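Reproduced below: run.cif, with mmCIF, C-alpha atoms.
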```cif
data_final
#
loop_
_atom_site.label_atom_id
_atom_site.label_comp_id
_atom_site.auth_asym_id
_atom_site.auth_seq_id
_atom_site.Cartn_x
_atom_site.Cartn_y
_atom_site.Cartn_z
CA MET A 1 -0.16 -18.12 13.39
CA THR A 2 1.74 -15.32 11.72
CA LYS A 3 5.35 -15.89 10.80
CA LYS A 4 7.70 -13.26 9.47
CA THR A 5 10.55 -14.41 7.27
CA LEU A 6 13.35 -12.77 5.35
CA LEU A 7 13.85 -13.73 1.72
CA ALA A 8 17.10 -13.36 -0.16
CA PRO A 9 17.12 -11.42 -3.45
CA ALA A 10 15.92 -13.50 -6.36
CA VAL A 11 15.05 -13.23 -10.02
CA LEU A 12 12.16 -14.93 -11.76
CA LEU A 13 11.58 -14.82 -15.48
CA GLY A 14 8.41 -12.94 -16.37
CA ALA A 15 5.46 -15.05 -17.44
CA SER A 16 4.42 -15.25 -21.05
CA ALA A 17 0.86 -14.60 -22.17
CA LEU A 18 -1.45 -15.86 -19.43
CA LEU A 19 -4.77 -14.65 -18.10
CA LEU A 20 -5.00 -12.72 -14.86
CA THR A 21 -8.15 -12.53 -12.79
CA GLY A 22 -8.78 -10.25 -9.86
CA CYS A 23 -11.07 -7.54 -8.61
CA ALA A 24 -11.26 -3.81 -8.26
CA GLY A 25 -8.65 -2.10 -6.17
CA SER A 26 -7.97 1.24 -4.58
CA GLY A 27 -5.07 3.59 -4.31
CA THR A 28 -3.46 6.49 -2.57
CA PRO A 29 -2.23 9.26 -4.85
CA ALA A 30 1.35 10.44 -4.64
CA ALA A 31 1.64 13.92 -3.17
CA SER A 32 3.92 16.42 -4.91
CA ASP A 33 4.07 20.18 -5.21
CA SER A 34 6.82 20.28 -7.79
CA ALA A 35 6.46 20.52 -11.53
CA SER A 36 7.64 17.68 -13.72
CA PRO A 37 11.21 18.03 -15.01
CA GLY A 38 11.59 19.16 -18.59
CA PRO A 39 13.63 17.70 -21.44
CA ASP A 40 17.35 17.17 -20.89
CA ALA A 41 20.09 18.82 -22.90
CA ALA A 42 19.77 16.25 -25.65
CA GLY A 43 16.07 16.97 -25.99
CA ALA A 44 14.87 13.71 -24.38
CA ASP A 45 11.80 13.99 -22.18
CA THR A 46 12.92 13.08 -18.65
CA GLY A 47 9.59 13.87 -17.00
CA HIS A 48 7.00 11.51 -15.61
CA ARG A 49 5.50 8.55 -17.43
CA ILE A 50 2.01 7.11 -17.87
CA ALA A 51 1.58 3.34 -18.03
CA LEU A 52 -1.55 2.02 -19.74
CA THR A 53 -2.77 -1.53 -20.12
CA TYR A 54 -4.57 -2.77 -23.20
CA ASP A 55 -5.62 -6.20 -24.41
CA GLY A 56 -2.25 -7.76 -25.24
CA GLY A 57 0.17 -5.26 -23.84
CA LEU A 58 1.36 -2.21 -21.95
CA LEU A 59 1.90 1.26 -23.32
CA VAL A 60 4.24 3.85 -21.82
CA LEU A 61 3.52 7.50 -22.61
CA ASP A 62 5.63 10.56 -21.85
CA ARG A 63 4.32 13.74 -20.24
CA ASP A 64 3.24 15.00 -23.67
CA LEU A 65 1.14 11.83 -24.03
CA GLN A 66 3.30 10.44 -26.83
CA VAL A 67 3.86 6.67 -26.90
CA VAL A 68 7.47 5.90 -25.95
CA GLY A 69 7.07 2.20 -25.20
CA ASP A 70 4.86 -0.74 -26.20
CA HIS A 71 5.37 -4.05 -24.40
CA ALA A 72 3.55 -7.31 -25.05
CA VAL A 73 1.71 -8.87 -22.10
CA GLY A 74 -1.07 -11.42 -22.48
CA GLY A 75 -4.46 -11.28 -20.82
CA PHE A 76 -5.94 -8.78 -18.38
CA THR A 77 -3.24 -7.03 -16.35
CA ARG A 78 -3.24 -4.45 -13.57
CA VAL A 79 -0.71 -1.68 -12.97
CA ASN A 80 0.27 0.20 -9.82
CA PRO A 81 3.13 2.61 -9.07
CA ALA A 82 5.92 0.88 -7.15
CA GLY A 83 6.54 4.05 -5.15
CA ASP A 84 10.00 5.06 -6.43
CA ASP A 85 8.78 7.52 -9.11
CA ARG A 86 10.04 5.26 -11.89
CA HIS A 87 8.83 1.68 -11.72
CA VAL A 88 5.35 0.15 -12.03
CA MET A 89 4.15 -3.19 -10.68
CA VAL A 90 2.39 -5.23 -13.35
CA THR A 91 0.20 -7.97 -11.92
CA VAL A 92 0.84 -11.19 -13.85
CA PRO A 93 0.04 -14.84 -12.97
CA ASP A 94 3.50 -15.36 -11.43
CA GLY A 95 3.20 -12.30 -9.20
CA PHE A 96 4.24 -8.68 -9.60
CA ARG A 97 6.43 -8.04 -12.64
CA VAL A 98 8.44 -4.81 -12.73
CA LEU A 99 7.95 -2.32 -15.56
CA ASP A 100 10.74 0.26 -15.83
CA THR A 101 9.03 3.33 -17.29
CA ALA A 102 12.37 5.21 -17.41
CA ALA A 103 10.66 8.23 -15.79
CA GLY A 104 13.22 10.86 -14.87
CA THR A 105 15.79 9.49 -17.33
CA SER A 106 16.50 9.56 -21.05
CA ALA A 107 16.48 5.74 -21.24
CA ASP A 108 13.91 3.56 -22.97
CA SER A 109 11.14 1.88 -20.99
CA ALA A 110 11.50 -1.86 -20.39
CA LEU A 111 9.24 -4.62 -19.15
CA THR A 112 11.86 -6.38 -17.06
CA ASP A 113 12.07 -10.08 -16.22
CA VAL A 114 12.21 -9.20 -12.51
CA THR A 115 9.11 -10.55 -10.74
CA PHE A 116 8.11 -10.57 -7.08
CA PRO A 117 6.63 -14.07 -6.71
CA ALA A 118 3.00 -14.14 -5.55
CA ASP A 119 0.08 -16.55 -5.77
CA THR A 120 -2.62 -14.42 -7.42
CA GLY A 121 -1.10 -11.01 -6.88
CA GLY A 122 -3.51 -8.30 -5.76
CA HIS A 123 -3.09 -4.92 -4.13
CA VAL A 124 0.06 -2.79 -4.11
CA VAL A 125 0.27 -0.14 -1.36
CA VAL A 126 3.06 2.41 -1.01
CA HIS A 127 3.40 4.27 2.28
CA GLY A 128 6.39 6.19 3.60
CA ASP A 129 9.55 4.34 2.60
CA ARG A 130 7.96 0.91 2.20
CA THR A 131 6.00 -0.91 -0.48
CA ALA A 132 3.58 -3.75 0.40
CA LEU A 133 2.39 -6.43 -2.04
CA PHE A 134 -0.55 -8.70 -1.17
CA ALA A 135 -0.99 -12.18 -2.67
CA ASP A 136 -4.66 -13.17 -2.64
CA GLY A 137 -3.99 -16.84 -3.33
CA SER A 138 -1.85 -17.33 -0.21
CA GLY A 139 -2.48 -14.30 1.97
CA ASP A 140 1.26 -13.56 2.00
CA VAL A 141 2.38 -9.97 2.37
CA THR A 142 5.71 -8.97 0.81
CA THR A 143 7.26 -5.68 1.95
CA PHE A 144 10.50 -3.95 0.99
CA ASP A 145 12.31 -0.63 1.12
CA THR A 146 11.02 1.27 -1.89
CA ALA A 147 14.35 3.02 -2.43
CA ASP A 148 16.11 -0.33 -2.92
CA LEU A 149 14.03 -1.30 -5.95
CA ALA A 150 15.86 0.62 -8.69
CA SER A 151 19.36 -0.71 -7.93
CA ALA A 152 18.06 -4.25 -7.47
CA VAL A 153 16.22 -4.20 -10.80
CA GLU A 154 19.26 -2.71 -12.53
CA GLY A 155 21.23 -5.70 -11.26
CA GLY A 156 18.57 -8.13 -12.44
CA GLY A 157 17.29 -9.10 -9.00
CA LEU A 158 14.88 -8.26 -6.21
CA PRO A 159 15.54 -6.07 -3.19
CA GLU A 160 15.66 -7.67 0.25
CA VAL A 161 12.09 -8.39 1.32
CA ASP A 162 10.09 -9.36 4.41
CA THR A 163 7.27 -11.87 4.02
CA THR A 164 4.36 -12.10 6.46
CA GLU A 165 1.74 -14.84 6.34
CA SER A 166 -1.97 -14.23 6.82
CA GLU A 167 -4.18 -16.53 8.87
CA ALA A 168 -5.93 -17.60 5.65
CA ALA A 169 -5.81 -16.78 1.96
CA HIS A 170 -8.20 -14.01 0.92
CA HIS A 171 -8.50 -10.95 -1.31
CA GLY A 172 -6.76 -8.53 1.00
CA VAL A 173 -4.44 -5.61 1.47
CA ALA A 174 -1.66 -4.47 3.79
CA ILE A 175 -0.01 -1.20 4.81
CA GLU A 176 3.30 -0.87 6.64
CA LEU A 177 3.50 2.21 8.87
CA GLU A 178 6.68 4.16 9.54
CA ASP A 179 7.24 2.49 12.94
CA GLY A 180 7.21 -0.95 11.33
CA THR A 181 3.62 -1.78 12.24
CA LEU A 182 2.00 -3.90 9.55
CA LEU A 183 -1.75 -3.51 9.12
CA THR A 184 -3.16 -6.46 7.20
CA THR A 185 -6.69 -7.62 6.50
CA ILE A 186 -8.45 -10.62 8.05
CA GLY A 187 -10.48 -12.97 5.88
CA THR A 188 -10.98 -16.26 4.12
CA GLU A 189 -11.81 -17.22 0.55
CA GLU A 190 -15.51 -16.78 1.46
CA SER A 191 -15.52 -13.53 3.45
CA ARG A 192 -13.49 -10.71 4.97
CA SER A 193 -14.08 -9.32 8.45
CA GLY A 194 -11.46 -6.81 9.55
CA VAL A 195 -7.85 -5.81 10.09
CA ARG A 196 -5.07 -6.76 12.51
CA ALA A 197 -1.88 -4.94 13.51
CA LEU A 198 1.48 -6.69 13.77
CA ASP A 199 4.59 -5.12 15.30
CA ALA A 200 8.01 -5.12 13.66
CA ASP A 201 8.62 -8.63 15.05
CA GLY A 202 5.42 -9.99 13.54
CA GLN A 203 3.52 -10.19 16.83
CA GLU A 204 -0.14 -9.18 16.82
CA THR A 205 -0.79 -6.07 18.92
CA ALA A 206 -4.40 -5.26 17.99
CA ARG A 207 -7.25 -6.46 15.82
CA SER A 208 -10.79 -5.56 14.87
CA GLU A 209 -13.31 -7.74 13.10
CA GLU A 210 -15.88 -4.95 12.87
CA CYS A 211 -15.26 -4.27 9.19
CA PRO A 212 -17.33 -6.62 7.05
CA ASP A 213 -16.18 -6.96 3.42
CA VAL A 214 -13.09 -4.87 4.20
CA HIS A 215 -11.75 -3.34 0.98
CA GLY A 216 -9.99 -0.09 0.22
CA GLU A 217 -7.29 1.53 2.31
CA GLY A 218 -5.29 4.69 2.84
CA THR A 219 -3.43 6.80 5.37
CA VAL A 220 -4.61 10.31 6.20
CA ALA A 221 -2.93 13.11 8.19
CA ASP A 222 -0.84 12.06 11.22
CA GLU A 223 -0.41 8.59 9.67
CA VAL A 224 -3.88 7.43 10.62
CA ALA A 225 -4.97 4.42 8.55
CA VAL A 226 -8.51 4.04 7.18
CA PHE A 227 -10.14 0.93 5.69
CA GLY A 228 -13.47 0.68 3.87
CA CYS A 229 -16.26 -1.59 5.17
CA SER A 230 -19.76 -2.42 3.99
CA ASP A 231 -21.22 -0.53 6.97
CA GLY A 232 -18.74 2.30 7.41
CA ALA A 233 -14.99 2.52 7.91
CA LEU A 234 -12.32 1.20 10.26
CA VAL A 235 -9.71 3.63 11.60
CA TYR A 236 -6.35 2.72 13.16
CA ARG A 237 -4.81 5.42 15.35
CA ASP A 238 -2.12 5.15 18.04
CA GLY A 239 -2.33 1.39 18.26
CA VAL A 240 -6.12 1.21 18.52
CA PHE A 241 -8.87 0.40 16.00
CA GLU A 242 -12.01 2.55 15.95
CA LYS A 243 -15.19 2.00 13.94
CA VAL A 244 -16.86 4.84 12.05
CA ASP A 245 -20.44 3.98 11.13
CA ALA A 246 -21.90 4.84 7.76
CA PRO A 247 -25.01 7.07 7.76
CA THR A 248 -27.07 4.11 6.50
CA GLU A 249 -27.31 0.52 7.74
CA TYR A 250 -25.65 -0.67 4.55
CA GLY A 251 -23.08 1.81 3.37
CA ARG A 252 -20.18 0.31 1.50
CA SER A 253 -17.01 2.11 0.54
CA GLY A 254 -14.66 -0.18 -1.34
CA ASN A 255 -12.00 2.24 -2.59
CA LEU A 256 -10.42 5.07 -0.59
CA PHE A 257 -8.29 8.01 -1.69
CA THR A 258 -6.25 9.93 0.88
CA THR A 259 -3.61 12.63 1.27
CA GLU A 260 -1.06 13.27 4.00
CA SER A 261 -2.39 16.79 4.62
CA SER A 262 -6.04 15.94 5.26
CA SER A 263 -7.81 13.83 7.88
CA ILE A 264 -10.57 13.00 5.38
CA ALA A 265 -10.63 9.85 3.27
CA VAL A 266 -12.64 10.05 0.06
CA GLY A 267 -14.33 6.90 -1.21
CA ASP A 268 -17.05 5.52 -3.40
CA PHE A 269 -20.35 4.96 -1.58
CA ASN A 270 -23.15 2.47 -2.13
CA ASP A 271 -26.18 2.26 0.17
CA ASP A 272 -28.05 -0.39 -1.86
CA PRO A 273 -26.86 -3.98 -1.33
CA ASP A 274 -29.06 -5.10 -4.23
CA SER A 275 -27.76 -2.57 -6.74
CA GLU A 276 -26.67 -3.85 -10.12
CA GLY A 277 -23.87 -2.67 -12.35
CA TYR A 278 -20.78 -0.69 -11.42
CA LEU A 279 -21.96 2.91 -11.69
CA LEU A 280 -22.32 4.77 -8.37
CA ASP A 281 -23.59 8.29 -7.76
CA GLN A 282 -22.46 9.11 -4.22
CA ILE A 283 -19.07 9.88 -2.69
CA ALA A 284 -18.08 9.07 0.90
CA LEU A 285 -16.22 11.74 2.91
CA ILE A 286 -14.85 10.03 6.04
CA ASP A 287 -13.16 12.26 8.63
CA ALA A 288 -10.85 10.04 10.67
CA ALA A 289 -10.15 12.87 13.15
CA THR A 290 -13.77 13.60 14.07
CA GLY A 291 -15.55 10.37 13.14
CA ASP A 292 -17.89 12.26 10.80
CA TYR A 293 -19.10 10.28 7.79
CA ARG A 294 -20.71 12.44 5.12
CA VAL A 295 -21.98 11.63 1.64
CA ALA A 296 -21.81 13.91 -1.41
CA ASP A 297 -24.11 13.46 -4.38
CA MET A 298 -23.03 13.50 -7.99
CA PRO A 299 -25.20 15.62 -10.33
CA ASP A 300 -28.53 14.01 -11.24
CA GLY A 301 -28.14 11.17 -13.67
CA VAL A 302 -24.33 11.11 -13.47
CA GLY A 303 -22.39 8.10 -12.18
CA PHE A 304 -18.80 6.95 -11.83
CA THR A 305 -16.90 3.73 -11.11
CA PHE A 306 -14.05 2.70 -8.82
CA ARG A 307 -11.61 3.90 -11.52
CA ASP A 308 -13.00 7.43 -11.52
CA LEU A 309 -12.12 8.94 -8.13
CA ALA A 310 -9.02 10.87 -7.09
CA ARG A 311 -7.80 13.77 -4.96
CA GLY A 312 -7.21 17.16 -6.48
CA PRO A 313 -5.93 20.64 -5.55
CA GLU A 314 -6.32 21.62 -1.87
CA ASP A 315 -7.32 18.03 -1.01
CA SER A 316 -10.52 18.26 -3.04
CA ALA A 317 -12.34 15.16 -4.26
CA VAL A 318 -12.41 14.67 -8.02
CA ALA A 319 -14.74 12.33 -9.90
CA LEU A 320 -14.88 11.55 -13.59
CA GLY A 321 -18.59 11.38 -14.32
CA SER A 322 -20.43 9.31 -16.89
CA ASP A 323 -21.33 12.66 -18.48
CA GLY A 324 -17.68 12.90 -19.52
CA ALA A 325 -16.87 15.76 -17.14
CA LEU A 326 -14.51 16.07 -14.19
CA HIS A 327 -16.46 17.09 -11.07
CA VAL A 328 -14.55 18.73 -8.21
CA PHE A 329 -15.98 18.61 -4.67
CA ASP A 330 -15.07 20.29 -1.40
CA GLU A 331 -13.83 17.49 0.86
CA GLU A 332 -15.43 18.93 3.99
CA THR A 333 -18.86 20.05 2.81
CA GLY A 334 -19.35 17.82 -0.24
CA GLU A 335 -20.28 20.92 -2.27
CA GLU A 336 -19.47 20.71 -5.97
CA LEU A 337 -16.91 23.43 -6.68
CA ASP A 338 -16.43 23.07 -10.41
CA SER A 339 -16.81 20.79 -13.40
CA PHE A 340 -14.81 20.52 -16.61
CA PRO A 341 -16.02 18.65 -19.72
CA VAL A 342 -13.33 16.31 -21.06
CA ILE A 343 -14.75 13.36 -23.04
CA ASP A 344 -18.11 12.20 -24.41
CA GLU A 345 -20.76 10.57 -22.26
CA TRP A 346 -20.14 6.91 -21.48
CA GLU A 347 -21.93 3.92 -19.94
CA GLY A 348 -20.85 1.70 -17.08
CA PRO A 349 -19.02 -1.56 -17.84
CA ALA A 350 -20.73 -4.96 -17.95
CA GLU A 351 -17.81 -6.40 -15.94
CA TRP A 352 -15.41 -4.43 -13.77
CA GLN A 353 -12.43 -5.59 -15.84
CA ASP A 354 -13.92 -4.13 -19.03
CA ALA A 355 -12.25 -1.04 -20.41
CA HIS A 356 -14.06 2.14 -19.37
CA PRO A 357 -12.88 5.70 -18.65
CA ALA A 358 -10.39 5.99 -15.80
CA LEU A 359 -8.89 8.88 -13.83
CA LYS A 360 -5.50 9.49 -12.19
CA VAL A 361 -4.24 12.78 -10.75
CA LEU A 362 -0.61 13.87 -10.29
CA ASP A 363 0.63 17.39 -9.53
CA ASP A 364 -2.88 18.86 -9.97
CA VAL A 365 -3.07 17.37 -13.46
CA ALA A 366 -5.85 14.89 -14.19
CA TYR A 367 -5.24 12.11 -16.69
CA VAL A 368 -8.43 10.77 -18.26
CA THR A 369 -8.61 7.71 -20.49
CA ASP A 370 -11.18 7.47 -23.27
CA PRO A 371 -11.51 3.86 -24.47
CA ALA A 372 -14.06 4.84 -27.12
CA GLU A 373 -11.59 7.18 -28.82
CA ARG A 374 -8.47 5.28 -27.67
CA THR A 375 -6.94 8.43 -26.20
CA VAL A 376 -5.68 9.95 -22.95
CA THR A 377 -6.25 13.60 -22.06
CA ALA A 378 -4.38 15.70 -19.48
CA VAL A 379 -6.37 18.44 -17.74
CA ASP A 380 -5.11 21.19 -15.42
CA LEU A 381 -7.46 20.97 -12.43
CA THR A 382 -6.65 24.50 -11.30
CA SER A 383 -8.03 26.01 -14.50
CA GLY A 384 -9.89 23.26 -16.34
CA ASP A 385 -7.66 23.75 -19.38
CA VAL A 386 -6.78 20.76 -21.52
CA ILE A 387 -2.99 20.44 -21.52
CA ALA A 388 -2.64 17.65 -24.07
CA THR A 389 -4.50 14.80 -25.72
CA SER A 390 -2.76 11.75 -27.10
CA ASP A 391 -2.98 10.54 -30.65
CA ARG A 392 -5.13 7.47 -31.21
CA LEU A 393 -3.41 4.72 -29.22
CA PRO A 394 -2.39 1.30 -30.60
CA GLY A 395 -4.83 -0.39 -28.19
CA VAL A 396 -7.92 0.40 -26.12
CA PRO A 397 -6.67 1.85 -22.81
CA ASN A 398 -7.89 0.09 -19.70
CA GLU A 399 -5.91 0.49 -16.45
CA ILE A 400 -3.62 3.46 -15.86
CA ALA A 401 -0.72 4.33 -13.55
CA VAL A 402 1.23 7.59 -13.44
CA VAL A 403 4.78 7.88 -12.04
#
```
Kindly present the structure from the file in structure tokens form.
Amino acid sequence: MTKKTLLAPAVLLGASALLLTGCAGSGTPAASDSASPGPDAAGADTGHRIALTYDGGLLVLDRDLQVVGDHAVGGFTRVNPAGDDRHVMVTVPDGFRVLDTAAGTSADSALTDVTFPADTGGHVVVHGDRTALFADGSGDVTTFDTADLASAVEGGGLPEVDTTESEAAHHGVAIELEDGTLLTTIGTEESRSGVRALDADGQETARSEECPDVHGEGTVADEVAVFGCSDGALVYRDGVFEKVDAPTEYGRSGNLFTTESSSIAVGDFNDDPDSEGYLLDQIALIDAATGDYRVADMPDGVGFTFRDLARGPEDSAVALGSDGALHVFDEETGEELDSFPVIDEWEGPAEWQDAHPALKVLDDVAYVTDPAERTVTAVDLTSGDVIATSDRLPGVPNEIAVV
């Protein structure tokens, strides 16, 4: 039975060096048409920030890709934007620890001691004015008003949160819609089967268990939610779940990338249940408005991983290929529109946690990590021009978040 509770603000000291385990996640890019702010009167860069994980710590880079912060954190960590254009959630054994990147200010970055408690923290999903944190070890979902985070952290505490229990612990995800509906996955430690909808009072209003191995989420135009399945996708619209079948019997999409202006969710696609390794060579284009499920092919011999998909200008799909180039696809037809060489060719990782090239896009600028060279490169996706490349970084970049 689901129970919704209200927790008072609290502060937990951040964990010291401990090992985090988890699995690949997905994300929804922030949408923005404005340019990043320039330096303030004192010459300090008050623009956006890039957070990078490496073995033993976190780096914070400014918009010119210069290191402005280096914070020690032990073990494998994950980073996700908190949704307020400044803070990043760092997944640590105690839960979700808050990194203040100082984006938009002239202050120094800080890995704060403020931690949202969670048993095996997993996915972070920002939608509308709310942020949702999923704890795989308990199935608990923690949600809060995104705008309350900055003032709470400044005061050394947490914002007021709602906590919703799952029916069983599992590797899951949750999205809170603008009307208060909470969409949260259904599963156990052994398997995952679908998604259920809870109203603002925590009462279940709908469910579907037609989404085996549910993983990957996003909201498209008109606040329609889409979840990835191993045989297609699950769509939630106007209080009802609808199944969209993949074009093949087995057709898994585990990571989805969406925008608010398009009805199409872009995802990775795998039609071979016996495939080995983490490189894929097909992209799913799932139209939640029409139910069409199309697949676009990467160029021959070129693959990508779950870290290498994003949305670009005019809602295009962008993939960082193993040939080292950014490939831009039309979201409706799947036609490749352009490609821009950025880094050298690379091979897929032996384990998904291993450092390998990653892609994030913000304001039509693609940020590409190069573990082999220990650099990050910014590319203008409207022209293909390289805007900046970092100096050799203190550590091998792994995960990346841009705020």
Nearby residues (all atoms listed in the file) at most 7 Å from Asp323 of chain A, same-chain spacing under 3 positions excluded, as a CSV table (one decimal) with C-alpha atoms, in the frame of the given file:
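New file result.csv:
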```csv
chain,number,residue,atom,x,y,z
A,302,VAL,CA,-24.3,11.1,-13.5
A,344,ASP,CA,-18.1,12.2,-24.4
A,345,GLU,CA,-20.8,10.6,-22.3
A,346,TRP,CA,-20.1,6.9,-21.5
```
Mind giving me the straight-line distance from atom CA of Val114 of chain A to atom CA of Val90 of chain A in Å, one decimal? 10.6 Å
Could you give me, as a list in words, the residues within 6 Å of segment 349-361 of chain A, counting all atoms listed in the file and dropping anything in the same chain fewer than 5 positions from it?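 Listing them by chain and then by number gives Arg307, Asp308, Ala366, Tyr367, Val368, Thr369, Asp370, Pro371 and Asn398 of chain A.
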Got time to write the residues from that selection, C-alpha atoms, as a compact mmCIF listing (two decimals), in the frame of the given file?
```txt
# COMPACT_ATOMS: atom_id res chain seq x y z
CA ARG A 307 -11.61 3.90 -11.52
CA ASP A 308 -13.00 7.43 -11.52
CA ALA A 366 -5.85 14.89 -14.19
CA TYR A 367 -5.24 12.11 -16.69
CA VAL A 368 -8.43 10.77 -18.26
CA THR A 369 -8.61 7.71 -20.49
CA ASP A 370 -11.18 7.47 -23.27
CA PRO A 371 -11.51 3.86 -24.47
CA ASN A 398 -7.89 0.09 -19.70
```
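Minimum atom-to-atom distance to Phe329 of chain A, evaluated using all atoms listed in the file, belongs to A:Val295 out of A:Val402, A:Ala174, A:Val295, A:Ala150.
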Take the PyMOL selection byres ((chain A and resi 159) around 6), run it mentally on this structure, and tell me the resulting residues as a list in words. Pro9, Asp148, Leu149, Ala152, Leu158 and Glu160 of chain A
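Going from atom CA of Asp245 of chain A to atom CA of Val224 of chain A covers 16.9 Å.
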Please determine, counting only C-alpha atoms, which residue among A:Ala169, A:Leu337, A:Ala288, A:Ile175 has the shortest atom-to-atom distance to Glu189 of chain A. A:Ala169
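As for atom CA of Glu176 of chain A and atom CA of Asp201 of chain A, they are spaced 12.6 Å apart.
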Considering all atoms listed in the file, can you say which of A:Val141, A:Val153, A:Leu256, A:Val92 comes closest to Thr184 of chain A?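 Among the listed residues, A:Val141 lies closest to Thr184 of chain A.
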Evaluate the PyMOL selection byres ((chain A and resi 119) around 8) and record the selected residues as a count of residues only, following the chain and residue labels used in the document. 11
Identify which of the residues A:Gln203, A:Thr115, A:Thr389, A:Thr305 lies closest to Val342 of chain A, counting all atoms listed in the file when measuring atom-to-atom distances. A:Thr389
Any chance you could work out the residue set of the PyMOL selection byres ((chain A and resi 178) around 12) here, as a VMD selection string? chain A and resid 126 to 131 145 175 to 177 179 to 183 199 to 200 219 222 to 225
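Considering only C-alpha atoms, the residue among A:Ser109, A:Asn80, A:Thr248, A:Gln66 positioned nearest to Leu393 of chain A is A:Gln66.
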Asp300 of chain A: which residues within 12 Å, counting all atoms listed in the file, same-chain residues fewer than 2 positions away excluded, as a list in words?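 Surrounding residues, per the criterion: Leu280, Asp281, Gln282, Ala296, Asp297, Met298, Val302, Gly303, Gly321, Ser322 and Asp323 of chain A.
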Neighbouring residues of Leu309 of chain A were defined as those with any atom within 9 Å, considering all atoms listed in the file; residues of the same chain fewer than 5 positions away were excluded. Please report them as an mmCIF file with C-alpha atoms, keeping the file's coordinate frame.
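Heads up, here's the output in part_0.cif:
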```cif
data_model
loop_
_atom_site.group_PDB
_atom_site.id
_atom_site.type_symbol
_atom_site.label_atom_id
_atom_site.label_comp_id
_atom_site.auth_asym_id
_atom_site.auth_seq_id
_atom_site.Cartn_x
_atom_site.Cartn_y
_atom_site.Cartn_z
ATOM 1 C CA ASN A 255 -12.000 2.240 -2.590
ATOM 2 C CA LEU A 256 -10.420 5.070 -0.590
ATOM 3 C CA PHE A 257 -8.290 8.010 -1.690
ATOM 4 C CA VAL A 266 -12.640 10.050 0.060
ATOM 5 C CA GLY A 267 -14.330 6.900 -1.210
ATOM 6 C CA ASP A 268 -17.050 5.520 -3.400
ATOM 7 C CA ILE A 283 -19.070 9.880 -2.690
ATOM 8 C CA PHE A 304 -18.800 6.950 -11.830
ATOM 9 C CA ALA A 317 -12.340 15.160 -4.260
ATOM 10 C CA VAL A 318 -12.410 14.670 -8.020
ATOM 11 C CA ALA A 319 -14.740 12.330 -9.900
ATOM 12 C CA LEU A 320 -14.880 11.550 -13.590
ATOM 13 C CA ALA A 358 -10.390 5.990 -15.800
ATOM 14 C CA LEU A 359 -8.890 8.880 -13.830
ATOM 15 C CA LYS A 360 -5.500 9.490 -12.190
#
```
Mind giving me the axis-aligned box for segment 139-155 of chain A with 6 Å on every side, centre plus edges in Å to one decimal, as lines of an AutoDock Vina configuration file?
```
center_x = 9.4
center_y = -5.6
center_z = -5.1
size_x = 35.7
size_y = 29.3
size_z = 26.9
```
Test item: which residues lie within 10 Å of (8.7, 6.7, -18.0) counting all atoms listed in the file, as a PDB file with C-alpha atoms, in the coordinates of the input:
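This went into point07.pdb:
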```pdb
ATOM      1  CA  ASP A  45      11.800  13.990 -22.180  1.00  0.00           C
ATOM      2  CA  THR A  46      12.920  13.080 -18.650  1.00  0.00           C
ATOM      3  CA  GLY A  47       9.590  13.870 -17.000  1.00  0.00           C
ATOM      4  CA  HIS A  48       7.000  11.510 -15.610  1.00  0.00           C
ATOM      5  CA  ARG A  49       5.500   8.550 -17.430  1.00  0.00           C
ATOM      6  CA  ILE A  50       2.010   7.110 -17.870  1.00  0.00           C
ATOM      7  CA  ALA A  51       1.580   3.340 -18.030  1.00  0.00           C
ATOM      8  CA  VAL A  60       4.240   3.850 -21.820  1.00  0.00           C
ATOM      9  CA  LEU A  61       3.520   7.500 -22.610  1.00  0.00           C
ATOM     10  CA  ASP A  62       5.630  10.560 -21.850  1.00  0.00           C
ATOM     11  CA  ARG A  63       4.320  13.740 -20.240  1.00  0.00           C
ATOM     12  CA  VAL A  68       7.470   5.900 -25.950  1.00  0.00           C
ATOM     13  CA  GLY A  69       7.070   2.200 -25.200  1.00  0.00           C
ATOM     14  CA  ASP A  85       8.780   7.520  -9.110  1.00  0.00           C
ATOM     15  CA  ARG A  86      10.040   5.260 -11.890  1.00  0.00           C
ATOM     16  CA  HIS A  87       8.830   1.680 -11.720  1.00  0.00           C
ATOM     17  CA  VAL A  88       5.350   0.150 -12.030  1.00  0.00           C
ATOM     18  CA  LEU A  99       7.950  -2.320 -15.560  1.00  0.00           C
ATOM     19  CA  ASP A 100      10.740   0.260 -15.830  1.00  0.00           C
ATOM     20  CA  THR A 101       9.030   3.330 -17.290  1.00  0.00           C
ATOM     21  CA  ALA A 102      12.370   5.210 -17.410  1.00  0.00           C
ATOM     22  CA  ALA A 103      10.660   8.230 -15.790  1.00  0.00           C
ATOM     23  CA  GLY A 104      13.220  10.860 -14.870  1.00  0.00           C
ATOM     24  CA  THR A 105      15.790   9.490 -17.330  1.00  0.00           C
ATOM     25  CA  SER A 106      16.500   9.560 -21.050  1.00  0.00           C
ATOM     26  CA  ALA A 107      16.480   5.740 -21.240  1.00  0.00           C
ATOM     27  CA  ASP A 108      13.910   3.560 -22.970  1.00  0.00           C
ATOM     28  CA  SER A 109      11.140   1.880 -20.990  1.00  0.00           C
ATOM     29  CA  ALA A 110      11.500  -1.860 -20.390  1.00  0.00           C
ATOM     30  CA  VAL A 402       1.230   7.590 -13.440  1.00  0.00           C
ATOM     31  CA  VAL A 403       4.780   7.880 -12.040  1.00  0.00           C
TER      32      VAL A 403
END
```
Between A:Gly348, A:Asp238, A:Thr91, A:His170, smallest distance to Gly277 of chain A by only C-alpha atoms belongs to A:Gly348
